[in-house]
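Notes to accompany the following structure.
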2 protein chains.
Amino acid sequence: MQELRQFKADIFQALAHPTRIAVVELLRDGEMSAGQLIERLGVEQANGSQHLAVLRAKQVVVNRREGNQVFYSLRDPVLVEVLDILKRYFLEQLKGTRTMIEEMEAEGESPAVAKARR
Amino acid sequence: MQELRQFKADIFQALAHPTRIAVVELLRDGEMSAGQLIERLGVEQANGSQHLAVLRAKQVVVNRREGNQVFYSLRDPVLVEVLDILKRYFLEQLKGTRTMIEEMEAEGESPAVAKARR
DNA sequence: TTAGTATATTCGATTGTTATTATACACGGC
DNA sequence: GCCGTGTATAATAACAATCGAATATACTAA
């Protein structure tokens, strides 16, 4: 059980950076070379390569060399499911925020607002 | 889109620690007081409270005070889904590892073994 | 008010993560 | 062999996360 939690924590940590999330999203529909990825990400070459190294270390992606280039792909597309779930979660949270904002606007400064601010 | 990725990264980071994953799992079936949580986690009081603060800051959990105690619960149980998906993912990965080990045992020291060690 | 219990926060030491710069490695063509 | 292109790896510096110890806060009961 402890091992499983460590494993989950490692996966979460692998994805705990916007650039690496972007990589997973870019690989959603198939493989892509390191160069293409880095160009799409709009980051420095070394930086992009380091992020790919993190994803490799945590086995989130796999790669294959073809001549000069290295192609990356998702090891298991189940992670895309996770991202999709989080998108729904994000939208839920936004709804909550919107409700909160509306309450603030409707009520002005009030206990509800103070509570929401915490 | 960038904002959504940052949001996802924040959630992942909130869960990128075995203790905090344990908290989410403990809250799976309902709320629990900070004290109960910390006891079950088997961590120092201050440390547990700090981890709860992280989960609060990222809105993963919410809390309510009742007298002397503070009860925590999951803000959105959808995160449990994510953990369940990762369990399946973990088992998949284990299957791969087992296959790898079997190959190693069957073939002895060989190029395939060297490759698997990387 | 004082004491006791439950929880949170602050501080400081340690360790981990990130971006940048520079350098190394791997491959193909010549 | 040498060059060019694509990719990975040090090395550093700035910053963030973690933990334990001590302290602070919130509440209850007496």
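Just remember, in the structure tokens the first chain shown is A, the second B, etc., residues are 1-based per chain, and ligands are 1-based in the order shown.
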Practice prompt. List the neighbours of DA13 (chain D) out to 12 Å using only C-alpha atoms (C1' of nucleotides); skip same-chain residues closer than 6 positions along the sequence, and give me the result as a ChimeraX atom specification.
Written response: /C:18-21
Save the residues we just selected, N, CA and C atoms (P, O5', C5', C4', C3', O3' and C1' of nucleotides), as a JSON list (two decimals), in the first residue's frame?
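Result file follows (again-v6.json):
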[["chain", "number", "residue", "atom", "x", "y", "z"],
["C", 18, "DT", "P", 10.06, 20.67, -11.42],
["C", 18, "DT", "O5'", 10.89, 21.97, -11.85],
["C", 18, "DT", "C5'", 10.45, 23.24, -11.41],
["C", 18, "DT", "C4'", 11.38, 24.32, -11.94],
["C", 18, "DT", "C3'", 11.65, 24.22, -13.43],
["C", 18, "DT", "O3'", 11.03, 25.32, -14.07],
["C", 18, "DT", "C1'", 13.65, 24.61, -12.16],
["C", 19, "DA", "P", 11.12, 25.50, -15.67],
["C", 19, "DA", "O5'", 12.42, 26.43, -15.85],
["C", 19, "DA", "C5'", 12.40, 27.72, -15.28],
["C", 19, "DA", "C4'", 13.68, 28.45, -15.63],
["C", 19, "DA", "C3'", 14.03, 28.46, -17.12],
["C", 19, "DA", "O3'", 14.48, 29.76, -17.47],
["C", 19, "DA", "C1'", 15.79, 27.46, -15.87],
["C", 20, "DT", "P", 14.93, 30.09, -18.98],
["C", 20, "DT", "O5'", 16.53, 30.09, -18.85],
["C", 20, "DT", "C5'", 17.13, 30.85, -17.83],
["C", 20, "DT", "C4'", 18.65, 30.69, -17.87],
["C", 20, "DT", "C3'", 19.24, 30.68, -19.28],
["C", 20, "DT", "O3'", 20.24, 31.68, -19.35],
["C", 20, "DT", "C1'", 20.06, 28.85, -18.00],
["C", 21, "DT", "P", 20.95, 32.09, -20.72],
["C", 21, "DT", "O5'", 22.36, 31.33, -20.65],
["C", 21, "DT", "C5'", 23.18, 31.46, -19.50],
["C", 21, "DT", "C4'", 24.32, 30.44, -19.60],
["C", 21, "DT", "C3'", 24.91, 30.29, -21.00],
["C", 21, "DT", "O3'", 26.30, 30.63, -20.96],
["C", 21, "DT", "C1'", 24.47, 28.17, -20.01]]
Worksheet item: Taking only C-alpha atoms (C1' of nucleotides) into account, what are the residues of chain C at most 12 Å from chain B, put as a ChimeraX atom specification?
Response: /C:4-10,17
Writer output for current selection, C-alpha atoms (C1' of nucleotides), as a compact mmCIF listing (two decimals), in the first residue's frame:
# COMPACT_ATOMS: atom_id res chain seq x y z
C1' DG C 4 -6.30 21.26 29.05
C1' DT C 5 -7.01 19.51 24.45
C1' DA C 6 -7.07 20.07 19.42
C1' DT C 7 -5.17 22.29 15.66
C1' DA C 8 -2.39 25.70 13.12
C1' DT C 9 1.63 28.50 12.26
C1' DT C 10 6.50 29.99 12.35
C1' DT C 17 12.99 21.34 -8.49
Tell me, counting only C-alpha atoms (C1' of nucleotides), for each residue of chain D within 8 Å of chain B, which pair of atoms is nearest and how far apart they are in Å to one decimal, in rows ordered by chain and increasing number, as a tab-separated table.
residue	atom	partner	partner_atom	distance
D:DC19	C1'	B:Asn47	CA	6.9
D:DA26	C1'	B:Asn68	CA	7.4
D:DC27	C1'	B:Asn68	CA	5.0
D:DT28	C1'	B:Asn68	CA	7.2
Those same residues - N, CA and C atoms (P, O5', C5', C4', C3', O3' and C1' of nucleotides) - I'd like them written as a PDB file, in the first residue's frame.
ATOM      1  P    DC D  19       7.507  15.482   4.895  1.00  0.00           P
ATOM      2  O5'  DC D  19       8.415  15.828   6.175  1.00  0.00           O
ATOM      3  C5'  DC D  19       9.732  15.294   6.247  1.00  0.00           C
ATOM      4  C4'  DC D  19      10.441  15.924   7.431  1.00  0.00           C
ATOM      5  C3'  DC D  19       9.640  15.815   8.727  1.00  0.00           C
ATOM      6  O3'  DC D  19      10.280  14.922   9.632  1.00  0.00           O
ATOM      7  C1'  DC D  19      10.518  18.050   8.361  1.00  0.00           C
ATOM      8  P    DA D  26      -7.590  32.597  16.992  1.00  0.00           P
ATOM      9  O5'  DA D  26      -8.294  31.233  17.403  1.00  0.00           O
ATOM     10  C5'  DA D  26      -8.430  30.206  16.435  1.00  0.00           C
ATOM     11  C4'  DA D  26      -9.282  29.097  17.030  1.00  0.00           C
ATOM     12  C3'  DA D  26     -10.502  29.632  17.787  1.00  0.00           C
ATOM     13  O3'  DA D  26     -11.618  28.823  17.438  1.00  0.00           O
ATOM     14  C1'  DA D  26      -9.211  28.240  19.195  1.00  0.00           C
ATOM     15  P    DC D  27     -13.090  29.378  17.719  1.00  0.00           P
ATOM     16  O5'  DC D  27     -13.544  28.469  18.962  1.00  0.00           O
ATOM     17  C5'  DC D  27     -13.707  27.078  18.741  1.00  0.00           C
ATOM     18  C4'  DC D  27     -13.402  26.320  20.000  1.00  0.00           C
ATOM     19  C3'  DC D  27     -14.409  26.520  21.127  1.00  0.00           C
ATOM     20  O3'  DC D  27     -15.448  25.560  20.990  1.00  0.00           O
ATOM     21  C1'  DC D  27     -12.144  26.168  21.859  1.00  0.00           C
ATOM     22  P    DT D  28     -16.614  25.489  22.095  1.00  0.00           P
ATOM     23  O5'  DT D  28     -15.989  24.676  23.318  1.00  0.00           O
ATOM     24  C5'  DT D  28     -15.441  23.371  23.081  1.00  0.00           C
ATOM     25  C4'  DT D  28     -15.136  22.701  24.409  1.00  0.00           C
ATOM     26  C3'  DT D  28     -16.228  22.868  25.458  1.00  0.00           C
ATOM     27  O3'  DT D  28     -16.490  21.596  26.036  1.00  0.00           O
ATOM     28  C1'  DT D  28     -14.130  23.645  26.313  1.00  0.00           C
TER      29       DT D  28
END
Quick check: residues of chain B within 7 Å of chain A, only C-alpha atoms, returned as a PDB file with N, CA and C atoms, in the first residue's frame.
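To be explicit, this is the file written out as iface.pdb:
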ATOM      1  N   ARG B   5      -3.752  24.448 -17.744  1.00  0.00           N
ATOM      2  CA  ARG B   5      -2.589  23.593 -17.472  1.00  0.00           C
ATOM      3  C   ARG B   5      -1.966  23.916 -16.129  1.00  0.00           C
ATOM      4  N   GLN B   6      -1.929  25.195 -15.805  1.00  0.00           N
ATOM      5  CA  GLN B   6      -1.381  25.572 -14.503  1.00  0.00           C
ATOM      6  C   GLN B   6      -2.254  25.014 -13.373  1.00  0.00           C
ATOM      7  N   LYS B   8      -4.144  22.325 -13.533  1.00  0.00           N
ATOM      8  CA  LYS B   8      -3.894  20.887 -13.432  1.00  0.00           C
ATOM      9  C   LYS B   8      -2.574  20.632 -12.721  1.00  0.00           C
ATOM     10  N   ALA B   9      -1.561  21.392 -13.081  1.00  0.00           N
ATOM     11  CA  ALA B   9      -0.251  21.206 -12.443  1.00  0.00           C
ATOM     12  C   ALA B   9      -0.361  21.423 -10.941  1.00  0.00           C
ATOM     13  N   ASP B  10      -1.147  22.411 -10.540  1.00  0.00           N
ATOM     14  CA  ASP B  10      -1.316  22.668  -9.111  1.00  0.00           C
ATOM     15  C   ASP B  10      -1.970  21.491  -8.400  1.00  0.00           C
ATOM     16  N   PHE B  12      -1.947  18.363  -9.384  1.00  0.00           N
ATOM     17  CA  PHE B  12      -0.978  17.274  -9.342  1.00  0.00           C
ATOM     18  C   PHE B  12       0.052  17.514  -8.251  1.00  0.00           C
ATOM     19  N   GLN B  13       0.496  18.732  -8.147  1.00  0.00           N
ATOM     20  CA  GLN B  13       1.492  19.011  -7.128  1.00  0.00           C
ATOM     21  C   GLN B  13       0.922  18.808  -5.730  1.00  0.00           C
ATOM     22  N   LEU B  15      -1.061  16.631  -4.883  1.00  0.00           N
ATOM     23  CA  LEU B  15      -1.125  15.197  -4.616  1.00  0.00           C
ATOM     24  C   LEU B  15       0.226  14.514  -4.751  1.00  0.00           C
ATOM     25  N   ALA B  16       1.260  15.282  -4.959  1.00  0.00           N
ATOM     26  CA  ALA B  16       2.570  14.697  -5.246  1.00  0.00           C
ATOM     27  C   ALA B  16       3.333  14.362  -3.976  1.00  0.00           C
ATOM     28  N   HIS B  17       2.638  13.770  -3.024  1.00  0.00           N
ATOM     29  CA  HIS B  17       3.309  13.336  -1.803  1.00  0.00           C
ATOM     30  C   HIS B  17       2.509  12.186  -1.187  1.00  0.00           C
ATOM     31  N   PRO B  18       3.185  11.112  -0.820  1.00  0.00           N
ATOM     32  CA  PRO B  18       2.467   9.927  -0.335  1.00  0.00           C
ATOM     33  C   PRO B  18       1.546  10.243   0.838  1.00  0.00           C
ATOM     34  N   ILE B  21      -1.626  11.797  -0.501  1.00  0.00           N
ATOM     35  CA  ILE B  21      -2.452  10.785  -1.158  1.00  0.00           C
ATOM     36  C   ILE B  21      -3.171   9.960  -0.105  1.00  0.00           C
ATOM     37  N   VAL B  82      -9.539   9.547  -9.966  1.00  0.00           N
ATOM     38  CA  VAL B  82      -8.180   9.657 -10.489  1.00  0.00           C
ATOM     39  C   VAL B  82      -7.270   8.641  -9.803  1.00  0.00           C
ATOM     40  N   LEU B  86      -5.188   5.464 -11.447  1.00  0.00           N
ATOM     41  CA  LEU B  86      -3.759   5.248 -11.268  1.00  0.00           C
ATOM     42  C   LEU B  86      -3.458   3.876 -10.679  1.00  0.00           C
TER      43      LEU B  86
END
Worksheet entry | helix (DSSP H, G or I) call set, DSSP backbone run, region 8-65 of chain A, as a ChimeraX atom specification | /A:8-14,18-29,34-41,45-57
Worksheet item: Any idea what the distance is between C1' of DA3 (chain C) and CA of Leu41 (chain B)?
Response: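 Computed distance, C1' of DA3 (chain C) to CA of Leu41 (chain B), equals 28.9 Å.
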Mind fitting chain B onto chain A over all Cα atoms in sequence order and sending the result as a compact mmCIF listing (two decimals) with N, CA and C atoms, in the first residue's frame?
# COMPACT_ATOMS: atom_id res chain seq x y z
N MET B 1 0.74 -1.48 -0.01
CA MET B 1 -0.10 -0.28 0.00
C MET B 1 0.75 0.99 0.04
N GLN B 2 1.78 0.94 0.86
CA GLN B 2 2.68 2.08 0.93
C GLN B 2 3.42 2.27 -0.41
N GLU B 3 3.75 1.10 -0.98
CA GLU B 3 4.45 1.14 -2.26
C GLU B 3 3.56 1.74 -3.35
N LEU B 4 2.30 1.34 -3.32
CA LEU B 4 1.35 1.86 -4.31
C LEU B 4 1.19 3.36 -4.16
N ARG B 5 1.14 3.81 -2.91
CA ARG B 5 1.01 5.26 -2.70
C ARG B 5 2.24 6.00 -3.19
N GLN B 6 3.40 5.41 -2.96
CA GLN B 6 4.62 6.05 -3.45
C GLN B 6 4.62 6.12 -4.98
N PHE B 7 4.14 5.03 -5.57
CA PHE B 7 4.05 5.00 -7.03
C PHE B 7 3.13 6.11 -7.53
N LYS B 8 1.96 6.20 -6.91
CA LYS B 8 1.02 7.25 -7.32
C LYS B 8 1.65 8.62 -7.13
N ALA B 9 2.30 8.81 -6.00
CA ALA B 9 2.93 10.11 -5.74
C ALA B 9 3.96 10.43 -6.82
N ASP B 10 4.70 9.42 -7.24
CA ASP B 10 5.69 9.64 -8.29
C ASP B 10 5.05 10.08 -9.60
N ILE B 11 3.95 9.42 -9.96
CA ILE B 11 3.25 9.81 -11.18
C ILE B 11 2.75 11.25 -11.07
N PHE B 12 2.13 11.55 -9.93
CA PHE B 12 1.63 12.91 -9.75
C PHE B 12 2.77 13.91 -9.84
N GLN B 13 3.87 13.58 -9.23
CA GLN B 13 4.98 14.51 -9.28
C GLN B 13 5.50 14.69 -10.70
N ALA B 14 5.50 13.60 -11.46
CA ALA B 14 5.94 13.71 -12.84
C ALA B 14 5.06 14.70 -13.60
N LEU B 15 3.79 14.77 -13.24
CA LEU B 15 2.86 15.63 -13.96
C LEU B 15 2.67 16.98 -13.28
N ALA B 16 3.43 17.24 -12.25
CA ALA B 16 3.21 18.44 -11.45
C ALA B 16 3.95 19.64 -12.03
N HIS B 17 3.87 19.80 -13.33
CA HIS B 17 4.47 20.97 -13.96
C HIS B 17 3.74 21.25 -15.28
N PRO B 18 3.36 22.49 -15.50
CA PRO B 18 2.55 22.81 -16.68
C PRO B 18 3.22 22.36 -17.98
N THR B 19 4.52 22.47 -18.06
CA THR B 19 5.19 22.06 -19.29
C THR B 19 5.02 20.57 -19.52
N ARG B 20 5.14 19.79 -18.46
CA ARG B 20 5.03 18.33 -18.65
C ARG B 20 3.59 17.93 -18.95
N ILE B 21 2.63 18.65 -18.39
CA ILE B 21 1.24 18.39 -18.76
C ILE B 21 1.04 18.69 -20.23
N ALA B 22 1.64 19.79 -20.68
CA ALA B 22 1.54 20.14 -22.10
C ALA B 22 2.12 19.03 -22.97
N VAL B 23 3.20 18.42 -22.52
CA VAL B 23 3.78 17.31 -23.29
C VAL B 23 2.77 16.18 -23.42
N VAL B 24 2.17 15.79 -22.31
CA VAL B 24 1.19 14.69 -22.37
C VAL B 24 0.05 15.04 -23.30
N GLU B 25 -0.40 16.29 -23.25
CA GLU B 25 -1.50 16.69 -24.13
C GLU B 25 -1.07 16.67 -25.59
N LEU B 26 0.16 17.08 -25.85
CA LEU B 26 0.63 17.07 -27.24
C LEU B 26 0.76 15.64 -27.76
N LEU B 27 1.07 14.71 -26.87
CA LEU B 27 1.24 13.32 -27.30
C LEU B 27 -0.06 12.55 -27.33
N ARG B 28 -1.10 13.24 -26.96
CA ARG B 28 -2.41 12.61 -26.88
C ARG B 28 -2.79 11.86 -28.14
N ASP B 29 -2.51 12.49 -29.29
CA ASP B 29 -2.95 11.89 -30.55
C ASP B 29 -1.84 11.17 -31.30
N GLY B 30 -0.77 10.84 -30.60
CA GLY B 30 0.28 10.09 -31.28
C GLY B 30 1.66 10.64 -30.96
N GLU B 31 2.65 10.00 -31.56
CA GLU B 31 4.01 10.36 -31.20
C GLU B 31 4.46 11.65 -31.86
N MET B 32 5.54 12.19 -31.33
CA MET B 32 6.07 13.44 -31.82
C MET B 32 7.56 13.48 -31.48
N SER B 33 8.35 14.11 -32.34
CA SER B 33 9.78 14.16 -32.07
C SER B 33 10.08 15.18 -30.97
N ALA B 34 11.23 15.00 -30.34
CA ALA B 34 11.64 15.92 -29.28
C ALA B 34 11.65 17.35 -29.80
N GLY B 35 12.17 17.52 -31.00
CA GLY B 35 12.26 18.86 -31.57
C GLY B 35 10.91 19.50 -31.77
N GLN B 36 9.98 18.72 -32.35
CA GLN B 36 8.62 19.25 -32.53
C GLN B 36 8.02 19.64 -31.19
N LEU B 37 8.16 18.74 -30.24
CA LEU B 37 7.60 18.99 -28.91
C LEU B 37 8.13 20.30 -28.35
N ILE B 38 9.45 20.44 -28.39
CA ILE B 38 10.07 21.61 -27.78
C ILE B 38 9.64 22.89 -28.50
N GLU B 39 9.50 22.78 -29.80
CA GLU B 39 9.05 23.97 -30.54
C GLU B 39 7.64 24.36 -30.12
N ARG B 40 6.75 23.35 -30.06
CA ARG B 40 5.37 23.63 -29.67
C ARG B 40 5.28 24.13 -28.24
N LEU B 41 6.15 23.63 -27.40
CA LEU B 41 6.12 24.04 -26.00
C LEU B 41 6.60 25.48 -25.85
N GLY B 42 7.50 25.88 -26.75
CA GLY B 42 8.03 27.23 -26.64
C GLY B 42 8.99 27.40 -25.48
N VAL B 43 9.77 26.36 -25.22
CA VAL B 43 10.76 26.46 -24.13
C VAL B 43 12.15 26.28 -24.71
N GLU B 44 13.16 26.56 -23.90
CA GLU B 44 14.54 26.33 -24.31
C GLU B 44 14.76 24.86 -24.61
N GLN B 45 15.67 24.60 -25.53
CA GLN B 45 15.92 23.21 -25.90
C GLN B 45 16.31 22.38 -24.68
N ALA B 46 17.27 22.88 -23.91
CA ALA B 46 17.75 22.10 -22.75
C ALA B 46 16.63 21.87 -21.75
N ASN B 47 15.84 22.90 -21.53
CA ASN B 47 14.75 22.79 -20.57
C ASN B 47 13.74 21.74 -21.01
N GLY B 48 13.35 21.79 -22.28
CA GLY B 48 12.42 20.79 -22.79
C GLY B 48 12.98 19.39 -22.64
N SER B 49 14.23 19.24 -22.97
CA SER B 49 14.84 17.92 -22.87
C SER B 49 14.86 17.43 -21.43
N GLN B 50 15.07 18.35 -20.50
CA GLN B 50 15.05 17.97 -19.09
C GLN B 50 13.66 17.51 -18.66
N HIS B 51 12.64 18.21 -19.11
CA HIS B 51 11.29 17.79 -18.76
C HIS B 51 10.98 16.42 -19.36
N LEU B 52 11.45 16.20 -20.58
CA LEU B 52 11.24 14.88 -21.18
C LEU B 52 11.97 13.81 -20.37
N ALA B 53 13.12 14.17 -19.83
CA ALA B 53 13.86 13.20 -19.01
C ALA B 53 13.07 12.82 -17.76
N VAL B 54 12.39 13.81 -17.17
CA VAL B 54 11.58 13.51 -15.99
C VAL B 54 10.47 12.54 -16.36
N LEU B 55 9.79 12.81 -17.48
CA LEU B 55 8.69 11.96 -17.89
C LEU B 55 9.18 10.55 -18.24
N ARG B 56 10.37 10.47 -18.80
CA ARG B 56 10.96 9.17 -19.09
C ARG B 56 11.27 8.42 -17.80
N ALA B 57 11.87 9.12 -16.86
CA ALA B 57 12.27 8.48 -15.60
C ALA B 57 11.07 7.89 -14.87
N LYS B 58 9.93 8.54 -14.97
CA LYS B 58 8.73 8.07 -14.29
C LYS B 58 7.89 7.19 -15.21
N GLN B 59 8.43 6.87 -16.35
CA GLN B 59 7.81 5.95 -17.30
C GLN B 59 6.50 6.46 -17.85
N VAL B 60 6.33 7.76 -17.84
CA VAL B 60 5.11 8.31 -18.41
C VAL B 60 5.16 8.25 -19.93
N VAL B 61 6.35 8.47 -20.48
CA VAL B 61 6.53 8.41 -21.93
C VAL B 61 7.59 7.37 -22.27
N VAL B 62 7.56 6.94 -23.51
CA VAL B 62 8.64 6.10 -24.03
C VAL B 62 9.14 6.78 -25.30
N ASN B 63 10.34 6.40 -25.72
CA ASN B 63 10.88 7.03 -26.92
C ASN B 63 11.54 5.99 -27.81
N ARG B 64 11.63 6.34 -29.07
CA ARG B 64 12.35 5.49 -30.01
C ARG B 64 13.17 6.42 -30.89
N ARG B 65 14.34 5.99 -31.26
CA ARG B 65 15.20 6.80 -32.10
C ARG B 65 14.97 6.41 -33.56
N GLU B 66 14.91 7.40 -34.40
CA GLU B 66 14.81 7.14 -35.83
C GLU B 66 15.79 8.09 -36.50
N GLY B 67 16.92 7.55 -36.86
CA GLY B 67 17.96 8.38 -37.44
C GLY B 67 18.40 9.42 -36.44
N ASN B 68 18.25 10.63 -36.90
CA ASN B 68 18.72 11.76 -36.13
C ASN B 68 17.78 12.16 -35.01
N GLN B 69 16.53 11.74 -35.10
CA GLN B 69 15.54 12.26 -34.19
C GLN B 69 15.08 11.21 -33.19
N VAL B 70 14.46 11.70 -32.14
CA VAL B 70 13.91 10.82 -31.11
C VAL B 70 12.42 11.11 -31.00
N PHE B 71 11.63 10.06 -31.16
CA PHE B 71 10.18 10.25 -31.10
C PHE B 71 9.64 9.78 -29.77
N TYR B 72 8.80 10.60 -29.21
CA TYR B 72 8.19 10.30 -27.91
C TYR B 72 6.73 9.93 -28.08
N SER B 73 6.28 9.05 -27.19
CA SER B 73 4.84 8.76 -27.15
C SER B 73 4.48 8.38 -25.72
N LEU B 74 3.17 8.41 -25.46
CA LEU B 74 2.69 8.06 -24.12
C LEU B 74 2.82 6.56 -23.92
N ARG B 75 3.32 6.18 -22.75
CA ARG B 75 3.45 4.77 -22.45
C ARG B 75 2.09 4.12 -22.29
N ASP B 76 1.18 4.84 -21.68
CA ASP B 76 -0.16 4.32 -21.43
C ASP B 76 -1.13 5.50 -21.53
N PRO B 77 -2.03 5.46 -22.51
CA PRO B 77 -2.91 6.62 -22.72
C PRO B 77 -3.91 6.81 -21.59
N VAL B 78 -3.88 5.97 -20.60
CA VAL B 78 -4.82 6.14 -19.49
C VAL B 78 -4.61 7.49 -18.82
N LEU B 79 -3.41 8.03 -18.92
CA LEU B 79 -3.16 9.31 -18.28
C LEU B 79 -3.97 10.43 -18.91
N VAL B 80 -4.31 10.25 -20.18
CA VAL B 80 -5.17 11.24 -20.83
C VAL B 80 -6.53 11.27 -20.14
N GLU B 81 -7.01 10.09 -19.77
CA GLU B 81 -8.26 10.04 -18.99
C GLU B 81 -8.17 10.90 -17.76
N VAL B 82 -7.04 10.78 -17.07
CA VAL B 82 -6.87 11.54 -15.84
C VAL B 82 -6.95 13.04 -16.13
N LEU B 83 -6.28 13.46 -17.19
CA LEU B 83 -6.33 14.89 -17.53
C LEU B 83 -7.74 15.34 -17.87
N ASP B 84 -8.50 14.45 -18.55
CA ASP B 84 -9.87 14.81 -18.88
C ASP B 84 -10.73 14.95 -17.63
N ILE B 85 -10.50 14.04 -16.69
CA ILE B 85 -11.25 14.14 -15.44
C ILE B 85 -10.94 15.46 -14.75
N LEU B 86 -9.68 15.83 -14.77
CA LEU B 86 -9.31 17.08 -14.11
C LEU B 86 -9.89 18.29 -14.82
N LYS B 87 -10.10 18.17 -16.13
CA LYS B 87 -10.73 19.29 -16.81
C LYS B 87 -12.15 19.49 -16.30
N ARG B 88 -12.87 18.36 -16.17
CA ARG B 88 -14.23 18.47 -15.61
C ARG B 88 -14.18 19.07 -14.21
N TYR B 89 -13.21 18.59 -13.44
CA TYR B 89 -13.04 19.05 -12.07
C TYR B 89 -12.80 20.57 -12.07
N PHE B 90 -11.95 21.01 -12.99
CA PHE B 90 -11.63 22.43 -13.11
C PHE B 90 -12.88 23.24 -13.41
N LEU B 91 -13.69 22.73 -14.34
CA LEU B 91 -14.92 23.44 -14.70
C LEU B 91 -15.87 23.52 -13.51
N GLU B 92 -15.94 22.43 -12.75
CA GLU B 92 -16.76 22.44 -11.54
C GLU B 92 -16.29 23.55 -10.60
N GLN B 93 -14.98 23.59 -10.45
CA GLN B 93 -14.43 24.57 -9.53
C GLN B 93 -14.74 25.99 -10.03
N LEU B 94 -14.64 26.18 -11.35
CA LEU B 94 -14.96 27.49 -11.91
C LEU B 94 -16.40 27.87 -11.63
N LYS B 95 -17.28 26.86 -11.77
CA LYS B 95 -18.69 27.15 -11.47
C LYS B 95 -18.82 27.66 -10.04
N GLY B 96 -18.13 26.98 -9.12
CA GLY B 96 -18.16 27.40 -7.72
C GLY B 96 -17.66 28.82 -7.58
N THR B 97 -16.57 29.13 -8.27
CA THR B 97 -16.01 30.48 -8.19
C THR B 97 -16.99 31.50 -8.72
N ARG B 98 -17.64 31.14 -9.85
CA ARG B 98 -18.59 32.09 -10.43
C ARG B 98 -19.73 32.37 -9.44
N THR B 99 -20.24 31.30 -8.82
CA THR B 99 -21.29 31.46 -7.83
C THR B 99 -20.83 32.39 -6.71
N MET B 100 -19.58 32.20 -6.30
CA MET B 100 -19.00 32.99 -5.24
C MET B 100 -18.95 34.47 -5.65
N ILE B 101 -18.51 34.69 -6.89
CA ILE B 101 -18.40 36.07 -7.37
C ILE B 101 -19.77 36.71 -7.44
N GLU B 102 -20.75 35.93 -7.93
CA GLU B 102 -22.11 36.47 -8.02
C GLU B 102 -22.64 36.85 -6.65
N GLU B 103 -22.34 35.99 -5.67
CA GLU B 103 -22.79 36.32 -4.30
C GLU B 103 -22.13 37.60 -3.81
N MET B 104 -20.85 37.72 -4.12
CA MET B 104 -20.13 38.92 -3.69
C MET B 104 -20.74 40.16 -4.30
N GLU B 105 -21.06 40.06 -5.60
CA GLU B 105 -21.65 41.22 -6.28
C GLU B 105 -23.03 41.54 -5.74
N ALA B 106 -23.79 40.49 -5.45
CA ALA B 106 -25.16 40.68 -5.00
C ALA B 106 -25.21 41.24 -3.57
N GLU B 107 -24.29 40.80 -2.74
CA GLU B 107 -24.37 41.15 -1.31
C GLU B 107 -23.48 42.32 -0.91
N GLY B 108 -22.55 42.66 -1.76
CA GLY B 108 -21.62 43.71 -1.37
C GLY B 108 -20.70 43.23 -0.27
N GLU B 109 -19.97 44.12 0.31
CA GLU B 109 -19.03 43.74 1.39
C GLU B 109 -19.84 43.23 2.57
N SER B 110 -19.52 42.03 2.99
CA SER B 110 -20.34 41.38 4.02
C SER B 110 -19.55 40.22 4.60
N PRO B 111 -20.03 39.60 5.65
CA PRO B 111 -19.34 38.43 6.23
C PRO B 111 -19.10 37.34 5.19
N ALA B 112 -20.06 37.15 4.29
CA ALA B 112 -19.89 36.11 3.27
C ALA B 112 -18.68 36.40 2.39
N VAL B 113 -18.48 37.68 2.09
CA VAL B 113 -17.34 38.05 1.26
C VAL B 113 -16.05 37.81 2.01
N ALA B 114 -16.02 38.24 3.24
CA ALA B 114 -14.81 38.02 4.05
C ALA B 114 -14.48 36.54 4.09
N LYS B 115 -15.48 35.72 4.25
CA LYS B 115 -15.27 34.27 4.31
C LYS B 115 -14.67 33.75 3.00
N ALA B 116 -15.24 34.26 1.89
CA ALA B 116 -14.80 33.78 0.58
C ALA B 116 -13.36 34.16 0.30
N ARG B 117 -12.91 35.23 0.90
CA ARG B 117 -11.56 35.72 0.65
C ARG B 117 -10.47 34.87 1.29
N ARG B 118 -10.80 34.10 2.26
CA ARG B 118 -9.79 33.34 3.00
C ARG B 118 -9.01 32.38 2.14
Worksheet item: Rounded to one decimal in Å, what is the spacing between C1' of DA24 (chain C) and C1' of DT5 (chain D)?
Response: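 Taking C1' of DA24 (chain C) and C1' of DT5 (chain D), their separation equals 14.4 Å.
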Fill in: Per-residue DSSP, chain B, filtered to strand (DSSP E or B), as a list in words
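DSSP-assigned strand (DSSP E or B) residues in chain B: Met32, Ser33, Val61, Val62, Asn63, Arg64, Arg65, Glu66, Gln69, Val70, Phe71, Tyr72, Ser73 and Leu74 of chain B.
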Discussion item. Which residues are close to DC2 (chain D), i.e. within 12 Å by only C-alpha atoms (C1' of nucleotides), leaving aside same-chain residues fewer than 2 positions away? Reply as a PyMOL selection string.
Written reply: (chain C and resi 29-30) or (chain D and resi 4)
Requested write-out: N, CA, C and O atoms (P, O5', C5', C4', C3', O3' and C1' of nucleotides) of the selected residues, as a CSV table (one decimal), in the first residue's frame:
chain,number,residue,atom,x,y,z
C,29,DG,P,22.1,9.8,-44.9
C,29,DG,O5',23.2,10.9,-45.2
C,29,DG,C5',22.8,12.3,-45.1
C,29,DG,C4',23.9,13.2,-45.5
C,29,DG,C3',24.5,12.8,-46.9
C,29,DG,O3',24.9,13.9,-47.6
C,29,DG,C1',26.2,12.7,-45.2
C,30,DC,P,25.3,13.8,-49.1
C,30,DC,O5',26.9,14.1,-49.0
C,30,DC,C5',27.3,15.4,-48.4
C,30,DC,C4',28.8,15.3,-48.1
C,30,DC,C3',29.7,14.9,-49.3
C,30,DC,O3',30.6,16.0,-49.6
C,30,DC,C1',30.3,13.8,-47.3
D,4,DG,P,29.8,22.8,-40.4
D,4,DG,O5',28.3,22.1,-40.3
D,4,DG,C5',27.7,21.6,-41.5
D,4,DG,C4',26.4,21.0,-41.1
D,4,DG,C3',25.5,21.7,-40.1
D,4,DG,O3',24.2,21.7,-40.6
D,4,DG,C1',26.0,19.6,-39.3
